[in-house]
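Trainee: The structure file start14.cif (mmCIF, C-alpha atoms) is provided below.
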data_start
#
loop_
_atom_site.label_atom_id
_atom_site.label_comp_id
_atom_site.auth_asym_id
_atom_site.auth_seq_id
_atom_site.Cartn_x
_atom_site.Cartn_y
_atom_site.Cartn_z
CA MET W 1 116.80 52.38 32.23
CA ARG W 2 118.85 55.08 33.93
CA THR W 3 116.73 57.50 35.96
CA ASN W 4 117.50 61.17 36.22
CA THR W 5 117.99 61.81 39.96
CA LEU W 6 118.65 65.55 39.65
CA PRO W 7 114.99 66.67 39.72
CA THR W 8 114.32 64.28 42.61
CA ARG W 9 117.24 65.64 44.59
CA ALA W 10 116.19 69.21 43.87
CA LEU W 11 112.67 68.38 45.05
CA HIS W 12 114.03 66.88 48.28
CA ILE W 13 116.22 69.92 48.90
CA GLY W 14 113.30 72.25 48.23
CA ILE W 15 111.05 70.38 50.66
CA THR W 16 113.78 70.41 53.31
CA LEU W 17 114.23 74.16 52.92
CA LEU W 18 110.48 74.76 53.16
CA LEU W 19 110.28 72.65 56.32
CA LEU W 20 113.22 74.55 57.80
CA LEU W 21 111.63 77.91 57.02
CA PHE W 22 108.32 76.71 58.45
CA SER W 23 110.07 75.57 61.62
CA LEU W 24 111.86 78.91 61.96
CA SER W 25 108.56 80.74 61.42
CA LEU W 26 106.89 78.74 64.19
CA SER W 27 109.85 79.35 66.49
CA ALA W 28 109.59 83.09 65.88
CA GLN W 29 105.91 82.95 66.81
CA ARG W 30 106.42 81.17 70.14
CA GLY W 31 105.02 83.07 73.06
CA LYS W 32 107.51 85.25 74.90
CA VAL W 33 107.87 84.97 78.67
CA ALA W 34 108.23 88.13 80.74
CA LEU W 35 109.41 88.42 84.32
CA VAL W 36 107.83 91.36 86.16
CA LEU W 37 109.54 92.40 89.39
CA GLY W 38 107.71 94.67 91.81
CA GLY W 39 109.20 97.20 94.17
CA GLY W 40 109.75 96.82 97.89
CA GLY W 41 113.22 98.02 98.86
CA ALA W 42 115.29 95.40 100.65
CA LYS W 43 112.44 92.91 100.26
CA GLY W 44 113.64 92.51 96.67
CA ALA W 45 116.01 89.88 98.04
CA ALA W 46 113.04 87.50 98.02
CA GLU W 47 112.69 88.02 94.28
CA ILE W 48 116.12 86.50 93.78
CA GLY W 49 115.07 83.45 95.79
CA VAL W 50 112.06 82.95 93.51
CA MET W 51 114.22 83.45 90.41
CA LYS W 52 116.65 80.73 91.53
CA VAL W 53 113.82 78.21 91.61
CA LEU W 54 112.46 79.36 88.23
CA GLU W 55 115.86 78.83 86.67
CA ALA W 56 116.24 75.42 88.33
CA GLU W 57 112.88 74.45 86.81
CA GLY W 58 114.00 75.46 83.33
CA ILE W 59 111.82 78.55 82.90
CA LYS W 60 113.36 80.68 80.16
CA VAL W 61 112.72 84.40 80.53
CA ASP W 62 112.67 86.44 77.31
CA MET W 63 112.17 89.94 78.75
CA VAL W 64 112.23 91.73 82.10
CA VAL W 65 110.29 94.67 83.55
CA GLY W 66 111.02 96.10 86.98
CA THR W 67 110.01 98.85 89.35
CA SER W 68 112.26 100.22 92.11
CA ILE W 69 114.37 97.40 93.60
CA GLY W 70 112.74 95.23 90.95
CA ALA W 71 114.35 97.46 88.32
CA LEU W 72 117.75 97.05 89.97
CA ILE W 73 117.48 93.25 90.12
CA GLY W 74 115.73 93.09 86.75
CA GLY W 75 118.28 95.31 85.02
CA LEU W 76 121.14 93.11 86.19
CA TYR W 77 119.21 89.98 85.15
CA ALA W 78 118.53 91.49 81.72
CA TYR W 79 122.21 92.37 81.41
CA GLY W 80 123.08 88.69 81.74
CA TYR W 81 123.63 87.77 85.38
CA ASP W 82 121.91 84.54 86.37
CA ALA W 83 119.96 84.16 89.60
CA GLN W 84 122.80 82.47 91.49
CA THR W 85 125.13 85.36 90.64
CA LEU W 86 122.46 87.85 91.66
CA ASP W 87 122.28 86.00 94.97
CA SER W 88 126.01 86.69 95.47
CA ILE W 89 125.66 90.31 94.33
CA MET W 90 122.80 90.89 96.77
CA ARG W 91 124.73 89.45 99.70
CA ALA W 92 128.10 91.02 98.91
CA PRO W 93 127.99 94.76 99.63
CA ASN W 94 127.44 96.69 102.80
CA TRP W 95 124.12 98.12 101.66
CA MET W 96 123.98 100.88 104.23
CA ASP W 97 127.25 102.24 102.86
CA LEU W 98 126.19 101.61 99.28
CA LEU W 99 122.89 103.45 99.72
CA SER W 100 124.69 106.55 100.94
CA ASP W 101 127.04 109.08 99.40
CA ARG W 102 129.82 108.54 101.92
CA ASP W 103 133.35 109.03 100.62
CA HIS W 104 135.34 106.61 102.76
CA SER W 105 138.62 108.37 102.00
CA ARG W 106 137.17 111.32 103.96
CA ALA W 107 135.36 109.35 106.65
CA SER W 108 137.79 110.44 109.38
CA GLN W 109 137.04 114.14 108.84
CA PRO W 110 134.30 115.41 111.21
CA LEU W 111 133.59 118.45 109.05
CA GLU W 112 134.97 119.29 105.63
CA TYR W 113 134.11 121.75 102.89
CA ASP W 114 135.61 120.78 99.55
CA ASP W 115 134.75 121.25 95.86
CA GLY W 116 131.66 123.20 96.78
CA GLY W 117 130.34 120.49 99.10
CA LEU W 118 129.91 120.22 102.85
CA ARG W 119 130.69 116.79 104.30
CA VAL W 120 130.33 115.32 107.78
CA PHE W 121 132.50 112.21 108.29
CA GLY W 122 132.58 111.78 104.54
CA ILE W 123 128.81 112.08 104.06
CA PRO W 124 127.87 115.06 101.87
CA LEU W 125 125.20 117.35 103.24
CA TRP W 126 125.39 119.51 100.16
CA GLY W 127 127.59 119.18 97.14
CA THR W 128 128.21 119.81 93.49
CA ARG W 129 125.91 118.04 91.08
CA ARG W 130 126.76 115.26 88.67
CA ASP W 131 125.26 114.93 85.22
CA GLY W 132 121.72 113.63 85.46
CA GLU W 133 121.12 114.96 88.96
CA ALA W 134 118.10 116.99 89.94
CA PRO W 135 118.16 119.65 92.67
CA ARG W 136 118.61 118.10 96.07
CA TRP W 137 115.09 117.08 97.06
CA GLY W 138 116.26 114.02 98.95
CA LEU W 139 118.78 113.00 101.58
CA VAL W 140 120.92 110.80 99.32
CA ARG W 141 122.12 111.49 95.79
CA GLY W 142 122.96 107.83 95.24
CA HIS W 143 126.48 108.30 93.88
CA ASN W 144 127.73 105.05 95.39
CA VAL W 145 124.89 102.90 94.10
CA VAL W 146 125.23 104.37 90.58
CA ASP W 147 128.98 103.70 90.62
CA TYR W 148 128.34 100.14 91.82
CA LEU W 149 125.72 99.46 89.14
CA THR W 150 127.91 101.04 86.44
CA ALA W 151 130.77 98.73 87.42
CA LEU W 152 128.41 95.74 87.19
CA THR W 153 127.12 96.71 83.73
CA PRO W 154 130.12 97.79 81.63
CA GLY W 155 129.35 99.02 78.13
CA CYS W 156 125.83 100.16 79.05
CA ASP W 157 126.30 103.92 79.33
CA SER W 158 124.21 104.71 76.25
CA ILE W 159 122.31 101.77 74.78
CA SER W 160 118.90 100.51 73.78
CA PHE W 161 117.69 98.21 76.53
CA ASP W 162 116.32 95.94 73.81
CA SER W 163 119.96 95.10 72.99
CA LEU W 164 120.57 93.49 76.39
CA GLN W 165 120.60 89.72 76.74
CA ARG W 166 116.94 90.12 77.69
CA PRO W 167 115.01 93.24 76.63
CA PHE W 168 114.34 95.40 79.68
CA ARG W 169 112.18 98.28 80.92
CA ALA W 170 112.64 100.25 84.14
CA VAL W 171 109.48 101.93 85.40
CA ALA W 172 109.81 105.40 86.95
CA PHE W 173 107.54 108.40 87.53
CA ASP W 174 108.13 111.83 85.97
CA ILE W 175 107.22 114.49 88.53
CA LYS W 176 107.30 117.22 85.86
CA THR W 177 104.54 115.69 83.75
CA MET W 178 103.01 113.56 86.54
CA ARG W 179 103.17 110.55 84.22
CA GLU W 180 104.70 107.11 84.26
CA ALA W 181 108.02 106.80 82.42
CA ASP W 182 109.01 103.40 81.04
CA LEU W 183 112.74 103.72 80.43
CA SER W 184 113.97 101.79 77.40
CA SER W 185 117.34 103.35 76.53
CA GLY W 186 120.23 105.41 77.84
CA SER W 187 122.41 104.56 80.82
CA LEU W 188 121.31 101.26 82.31
CA ALA W 189 122.75 102.14 85.73
CA LEU W 190 121.04 105.54 85.77
CA ALA W 191 117.71 104.01 84.71
CA MET W 192 117.90 101.51 87.57
CA ARG W 193 118.82 104.31 89.97
CA ALA W 194 115.95 106.52 88.69
CA SER W 195 113.40 103.76 89.16
CA MET W 196 114.40 103.33 92.82
CA SER W 197 114.37 107.03 93.73
CA LEU W 198 112.27 106.72 96.87
CA PRO W 199 111.00 110.26 97.61
CA ILE W 200 112.66 112.12 100.49
CA PHE W 201 115.36 109.45 100.80
CA PHE W 202 116.81 109.64 97.25
CA THR W 203 117.05 112.72 95.06
CA PRO W 204 115.16 112.55 91.76
CA VAL W 205 117.14 111.79 88.60
CA ASP W 206 117.05 114.06 85.56
CA ILE W 207 117.11 112.16 82.26
CA GLY W 208 116.52 114.45 79.31
CA ALA W 209 113.50 116.59 80.11
CA GLN W 210 112.25 114.11 82.70
CA ARG W 211 112.67 114.40 86.48
CA LEU W 212 112.22 110.88 87.75
CA ILE W 213 111.34 109.27 91.05
CA ASP W 214 110.48 105.74 92.12
CA GLY W 215 108.06 104.02 89.74
CA GLY W 216 106.32 102.28 92.63
CA ILE W 217 104.22 105.37 93.13
CA VAL W 218 102.22 104.71 89.98
CA ASN W 219 102.91 101.15 88.76
CA ASN W 220 104.49 98.83 91.29
CA LEU W 221 103.57 95.68 89.36
CA PRO W 222 104.01 96.73 85.70
CA VAL W 223 102.40 93.80 83.94
CA ASN W 224 100.95 96.14 81.31
CA VAL W 225 104.46 97.18 80.28
CA ALA W 226 105.41 93.54 79.71
CA ARG W 227 102.31 92.97 77.61
CA ALA W 228 103.15 96.06 75.54
CA MET W 229 106.58 94.53 74.89
CA GLY W 230 104.88 91.47 73.40
CA ALA W 231 104.81 89.04 76.32
CA LYS W 232 102.39 86.15 76.01
CA TYR W 233 103.20 84.75 79.45
CA VAL W 234 103.80 86.94 82.49
CA ILE W 235 105.48 85.77 85.68
CA ALA W 236 105.20 88.40 88.40
CA ILE W 237 106.70 88.74 91.87
CA ASP W 238 104.74 91.08 94.12
CA LEU W 239 106.37 92.33 97.32
CA ALA W 240 103.61 94.72 98.40
CA GLN W 241 100.55 92.47 98.42
CA GLN W 242 98.99 91.30 101.67
CA GLY W 243 96.72 88.31 101.36
CA THR W 244 94.50 87.39 98.43
CA ASP W 245 91.88 90.13 98.71
CA LEU W 246 93.95 92.77 96.87
CA GLN W 247 94.33 94.76 100.10
CA ARG W 248 97.96 95.86 100.04
CA GLU W 249 100.02 96.94 102.98
CA THR W 250 99.46 100.45 104.30
CA THR W 251 102.83 102.05 103.65
CA PHE W 252 104.72 105.24 103.08
CA TRP W 253 103.73 104.90 99.41
CA GLN W 254 100.08 105.38 100.19
CA GLN W 255 100.91 108.66 101.91
CA VAL W 256 103.00 109.85 98.95
CA ARG W 257 100.26 108.92 96.47
CA SER W 258 97.70 110.76 98.57
CA TYR W 259 99.91 113.85 98.71
CA LEU W 260 100.39 113.84 94.91
CA GLY W 261 96.77 112.94 94.18
CA ILE W 262 97.66 109.63 92.52
CA ASP W 263 95.52 106.50 92.65
CA ASP W 264 97.27 103.42 91.28
CA ARG W 265 94.53 101.04 92.35
CA ALA W 266 93.18 100.48 88.82
CA ASN W 267 96.68 99.64 87.53
CA TYR W 268 97.21 97.18 90.33
CA VAL W 269 93.86 95.41 90.00
CA ALA W 270 94.32 95.12 86.21
CA ALA W 271 97.82 93.73 86.71
CA ARG W 272 96.66 91.08 89.15
CA ALA W 273 94.05 89.88 86.67
CA ASP W 274 96.59 89.56 83.86
CA ILE W 275 99.32 87.35 85.36
CA ASN W 276 100.02 83.76 84.35
CA LEU W 277 102.16 82.90 87.38
CA TYR W 278 101.97 85.05 90.51
CA PHE W 279 104.38 84.97 93.45
CA ASN W 280 103.72 86.72 96.74
CA PRO W 281 106.33 85.69 99.34
CA ARG W 282 105.25 86.51 102.88
CA LEU W 283 107.82 88.87 104.35
CA ASP W 284 106.23 89.73 107.68
CA GLY W 285 108.69 91.53 109.91
CA TYR W 286 110.81 92.81 107.02
CA GLY W 287 110.63 96.24 105.44
CA VAL W 288 112.09 98.34 102.66
CA GLU W 289 114.98 99.22 104.99
CA SER W 290 115.91 95.63 105.99
CA PHE W 291 119.30 95.62 104.29
CA SER W 292 121.26 93.82 107.00
CA ARG W 293 123.09 90.74 105.75
CA ARG W 294 121.11 88.51 108.08
CA ALA W 295 117.80 89.91 106.79
CA ILE W 296 118.87 89.54 103.16
CA ASP W 297 119.89 85.91 103.75
CA LYS W 298 116.53 85.21 105.36
CA MET W 299 114.50 86.91 102.63
CA ILE W 300 116.31 85.07 99.82
CA ALA W 301 115.51 81.82 101.65
CA ILE W 302 111.85 82.88 102.07
CA GLY W 303 111.62 83.57 98.33
CA GLU W 304 113.07 80.15 97.51
CA ALA W 305 110.75 78.34 99.91
CA HIS W 306 107.72 80.22 98.57
CA ALA W 307 108.60 79.32 94.98
CA ARG W 308 109.16 75.66 95.90
CA SER W 309 105.71 75.61 97.46
CA MET W 310 104.42 76.54 94.00
CA LEU W 311 106.31 73.91 91.99
CA PRO W 312 103.08 72.43 90.56
CA GLN W 313 102.07 75.83 89.14
CA ILE W 314 105.58 76.46 87.83
CA ARG W 315 105.70 73.09 86.09
CA MET W 316 102.20 73.55 84.69
CA LEU W 317 103.25 76.82 83.07
CA LYS W 318 106.45 75.28 81.73
CA THR W 319 104.44 72.44 80.18
CA LEU W 320 102.10 74.97 78.58
CA ILE W 321 105.05 76.89 77.13
CA ASP W 322 106.82 73.74 75.95
CA GLN W 323 103.70 72.49 74.17
CA GLU W 324 103.72 75.48 71.85
CA PRO W 325 104.76 74.61 68.26
#
Before anything else, please render the file you have as structure tokens.
Mentor:
Amino acid sequence: MRTNTLPTRALHIGITLLLLLFSLSLSAQRGKVALVLGGGGAKGAAEIGVMKVLEAEGIKVDMVVGTSIGALIGGLYAYGYDAQTLDSIMRAPNWMDLLSDRDHSRASQPLEYDDGGLRVFGIPLWGTRRDGEAPRWGLVRGHNVVDYLTALTPGCDSISFDSLQRPFRAVAFDIKTMREADLSSGSLALAMRASMSLPIFFTPVDIGAQRLIDGGIVNNLPVNVARAMGAKYVIAIDLAQQGTDLQRETTFWQQVRSYLGIDDRANYVAARADINLYFNPRLDGYGVESFSRRAIDKMIAIGEAHARSMLPQIRMLKTLIDQEP
């Protein structure tokens, strides 16, 4: 007797489609991994060293949150640069020139007044404002670093940061409202620059109605922002911690917080209790200003060595992630 195979084939196709949909549903539910990068000026070089080891171990990062230098490194990582390329980017420029407003075409002029600005050897003491600039409440406007970051992130002048290769948030502090600002759209370069607006050194950045300074003042390890973005697993690199007793370094930040009446202690303690993989490279002898090429080389190496010392913890987390359906 001849059997009718059409219903059987249809049943097989239907089961296959259901299994495929079920598989896709499980994939969509897999826990997202966030990388949280704390602030610390030049010490951010160590974050790149840690990231190189994470990549070598196959850790896939789904989203990035950064404060200050962590926002700069994190924004570039979210854009699509891998850790090895970030290593090259960190080592390449003369940071002392980059973190100034010097116009090298005018560097031979001892004193010059042009376009409403006074310059000494190409460094503006006062000048006309660009879009997004607040009144000059800092020594450096950061033109060069914004130009550099803009060149590194073409096509990101006005975007949602969720549209980057990895969704991204830059944490800053709005001195008008005295509230944290988690930047999620606009100019990627300007958001990175706003997040690293160290008071007195950098001028604040105006974005919309906000006047923004360095996010490290209120949330230097923004784990809560990553959780709000939907992260199940948080990997955090902390550049400000000293030891395991939650006693951070006494720094300029503490003085600024005291002046503004801000206490970020609760944020920090909550963050430390909510991290799946915590890195704290020891950077004794290095500071926020250690931007010499030799110091950067050393700090990248310290970050790598620190992460390698934690290979068992890294591999344990990767196993946990891989075991998800």
Trainee: Considering all atoms listed in the file, return as a list in words whatever protein or nucleic-acid residues lie within 10 Å of Ile296 of chain W, sequence-local ones (same chain, fewer than 4 positions apart) excluded.
Mentor: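 The neighbour list is Ala42, Lys43, Gly44, Ala45, Ala46, Asp87, Met90, Arg91, Tyr286, Ser290, Phe291, Ser292, Ile300, Ala301 and Ile302 of chain W.
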Trainee: Just say which residues the PyMOL selection byres ((chain W and resi 185-197) around 8) picks in this file, as a VMD selection string.
Mentor: chain W and resid 67 to 69 71 to 72 75 142 145 to 146 149 to 150 153 156 to 162 170 to 173 183 to 184 198 to 199 201 to 205 212 to 215
Trainee: Any chance you could export the current selection's C-alpha atoms as an mmCIF file, in the coordinates of the input?
Mentor:
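New file out-v2.cif:
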data_model
loop_
_atom_site.group_PDB
_atom_site.id
_atom_site.type_symbol
_atom_site.label_atom_id
_atom_site.label_comp_id
_atom_site.auth_asym_id
_atom_site.auth_seq_id
_atom_site.Cartn_x
_atom_site.Cartn_y
_atom_site.Cartn_z
ATOM 1 C CA THR W 67 110.010 98.850 89.350
ATOM 2 C CA SER W 68 112.260 100.220 92.110
ATOM 3 C CA ILE W 69 114.370 97.400 93.600
ATOM 4 C CA ALA W 71 114.350 97.460 88.320
ATOM 5 C CA LEU W 72 117.750 97.050 89.970
ATOM 6 C CA GLY W 75 118.280 95.310 85.020
ATOM 7 C CA GLY W 142 122.960 107.830 95.240
ATOM 8 C CA VAL W 145 124.890 102.900 94.100
ATOM 9 C CA VAL W 146 125.230 104.370 90.580
ATOM 10 C CA LEU W 149 125.720 99.460 89.140
ATOM 11 C CA THR W 150 127.910 101.040 86.440
ATOM 12 C CA THR W 153 127.120 96.710 83.730
ATOM 13 C CA CYS W 156 125.830 100.160 79.050
ATOM 14 C CA ASP W 157 126.300 103.920 79.330
ATOM 15 C CA SER W 158 124.210 104.710 76.250
ATOM 16 C CA ILE W 159 122.310 101.770 74.780
ATOM 17 C CA SER W 160 118.900 100.510 73.780
ATOM 18 C CA PHE W 161 117.690 98.210 76.530
ATOM 19 C CA ASP W 162 116.320 95.940 73.810
ATOM 20 C CA ALA W 170 112.640 100.250 84.140
ATOM 21 C CA VAL W 171 109.480 101.930 85.400
ATOM 22 C CA ALA W 172 109.810 105.400 86.950
ATOM 23 C CA PHE W 173 107.540 108.400 87.530
ATOM 24 C CA LEU W 183 112.740 103.720 80.430
ATOM 25 C CA SER W 184 113.970 101.790 77.400
ATOM 26 C CA LEU W 198 112.270 106.720 96.870
ATOM 27 C CA PRO W 199 111.000 110.260 97.610
ATOM 28 C CA PHE W 201 115.360 109.450 100.800
ATOM 29 C CA PHE W 202 116.810 109.640 97.250
ATOM 30 C CA THR W 203 117.050 112.720 95.060
ATOM 31 C CA PRO W 204 115.160 112.550 91.760
ATOM 32 C CA VAL W 205 117.140 111.790 88.600
ATOM 33 C CA LEU W 212 112.220 110.880 87.750
ATOM 34 C CA ILE W 213 111.340 109.270 91.050
ATOM 35 C CA ASP W 214 110.480 105.740 92.120
ATOM 36 C CA GLY W 215 108.060 104.020 89.740
#
Trainee: Using only C-alpha atoms, give me every residue within 9 Å of (115.2, 91.6, 79.1) in file coordinates, as a PyMOL selection string.
Mentor: chain W and resi 34-35+61-65+74-75+77-80+161-169
Trainee: Give the answer as one residue: which of W:Ile207, W:Ile321, W:Ile262, W:Val223 has the shortest atom-to-atom distance to Ala236 of chain W, using all atoms listed in the file?
Mentor: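 For Ala236 of chain W, the nearest of the candidates is W:Val223.
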Trainee: Translate the PyMOL selection byres ((chain W and resi 274-284) around 8), as applied to the file shown, into an explicit residue set as number ranges by chain.
Mentor: W: 43, 46, 50, 223, 233-239, 241-242, 270-273, 285-287, 299, 302-303, 306-307, 313-314, 317
Trainee: Between atom CA of Asp147 of chain W and atom CA of Met96 of chain W, what is the spacing in Å?
Mentor: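 Interatomic distance, atom CA of Met96 of chain W to atom CA of Asp147 of chain W: 14.8 Å.
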Trainee: Rank nothing, just name the residue among W:Thr177, W:Ile217, W:Gly38, W:Tyr81 nearest to Arg265 of chain W, using all atoms listed in the file.
Mentor: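 For Arg265 of chain W, the nearest of the candidates is W:Ile217.
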Trainee: Rank nothing, just name the residue among W:Leu54, W:Ile89, W:Leu76, W:Leu320 nearest to Lys232 of chain W, using only C-alpha atoms.
Mentor: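 Distance minimum relative to Lys232 of chain W lands on W:Leu320.
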Trainee: What does the distance from atom CA of Ala83 of chain W to atom CA of Gly70 of chain W come to in Å, to one decimal?
Mentor: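 Interatomic distance, atom CA of Ala83 of chain W to atom CA of Gly70 of chain W: 13.3 Å.
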Trainee: Could you jot down the atom CA of Asp322 of chain W to atom CA of Pro222 of chain W separation for me, Å, one decimal place?
Mentor: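 A separation of 25.1 Å between them.
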Trainee: Show me as a list in words the residues that reach within 8 Å of (101.9, 99.6, 93.3), counting only C-alpha atoms and using the file's own coordinates.
Mentor: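 With a cut-off of 8 Å, the residues come to Gly38, Gly39, Gly216, Ile217, Val218, Asn219, Asn220, Leu221, Ala240, Asp264, Arg265, Asn267 and Tyr268 of chain W.
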Trainee: Counting all atoms listed in the file, which of W:Ala56, W:Gly40, W:Lys32, W:Gly230 gets nearest to Glu304 of chain W?
Mentor: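 The closest residue to Glu304 of chain W is W:Ala56.
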Trainee: Padding 3 Å on every side, please: axis-aligned box over the listed atoms of segment 264-269 of chain W, centre and edge lengths to one decimal in Å, as JSON.
Mentor:
{"center_x": 95.2, "center_y": 99.4, "center_z": 89.9, "size_x": 10.1, "size_y": 14.0, "size_z": 10.8}
Trainee: Identify which of the residues W:Arg141, W:Arg294, W:Arg227, W:Lys176 lies closest to Ala92 of chain W, counting all atoms listed in the file when measuring atom-to-atom distances.
Mentor: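 Closest residue, counting all atoms listed in the file: W:Arg294.
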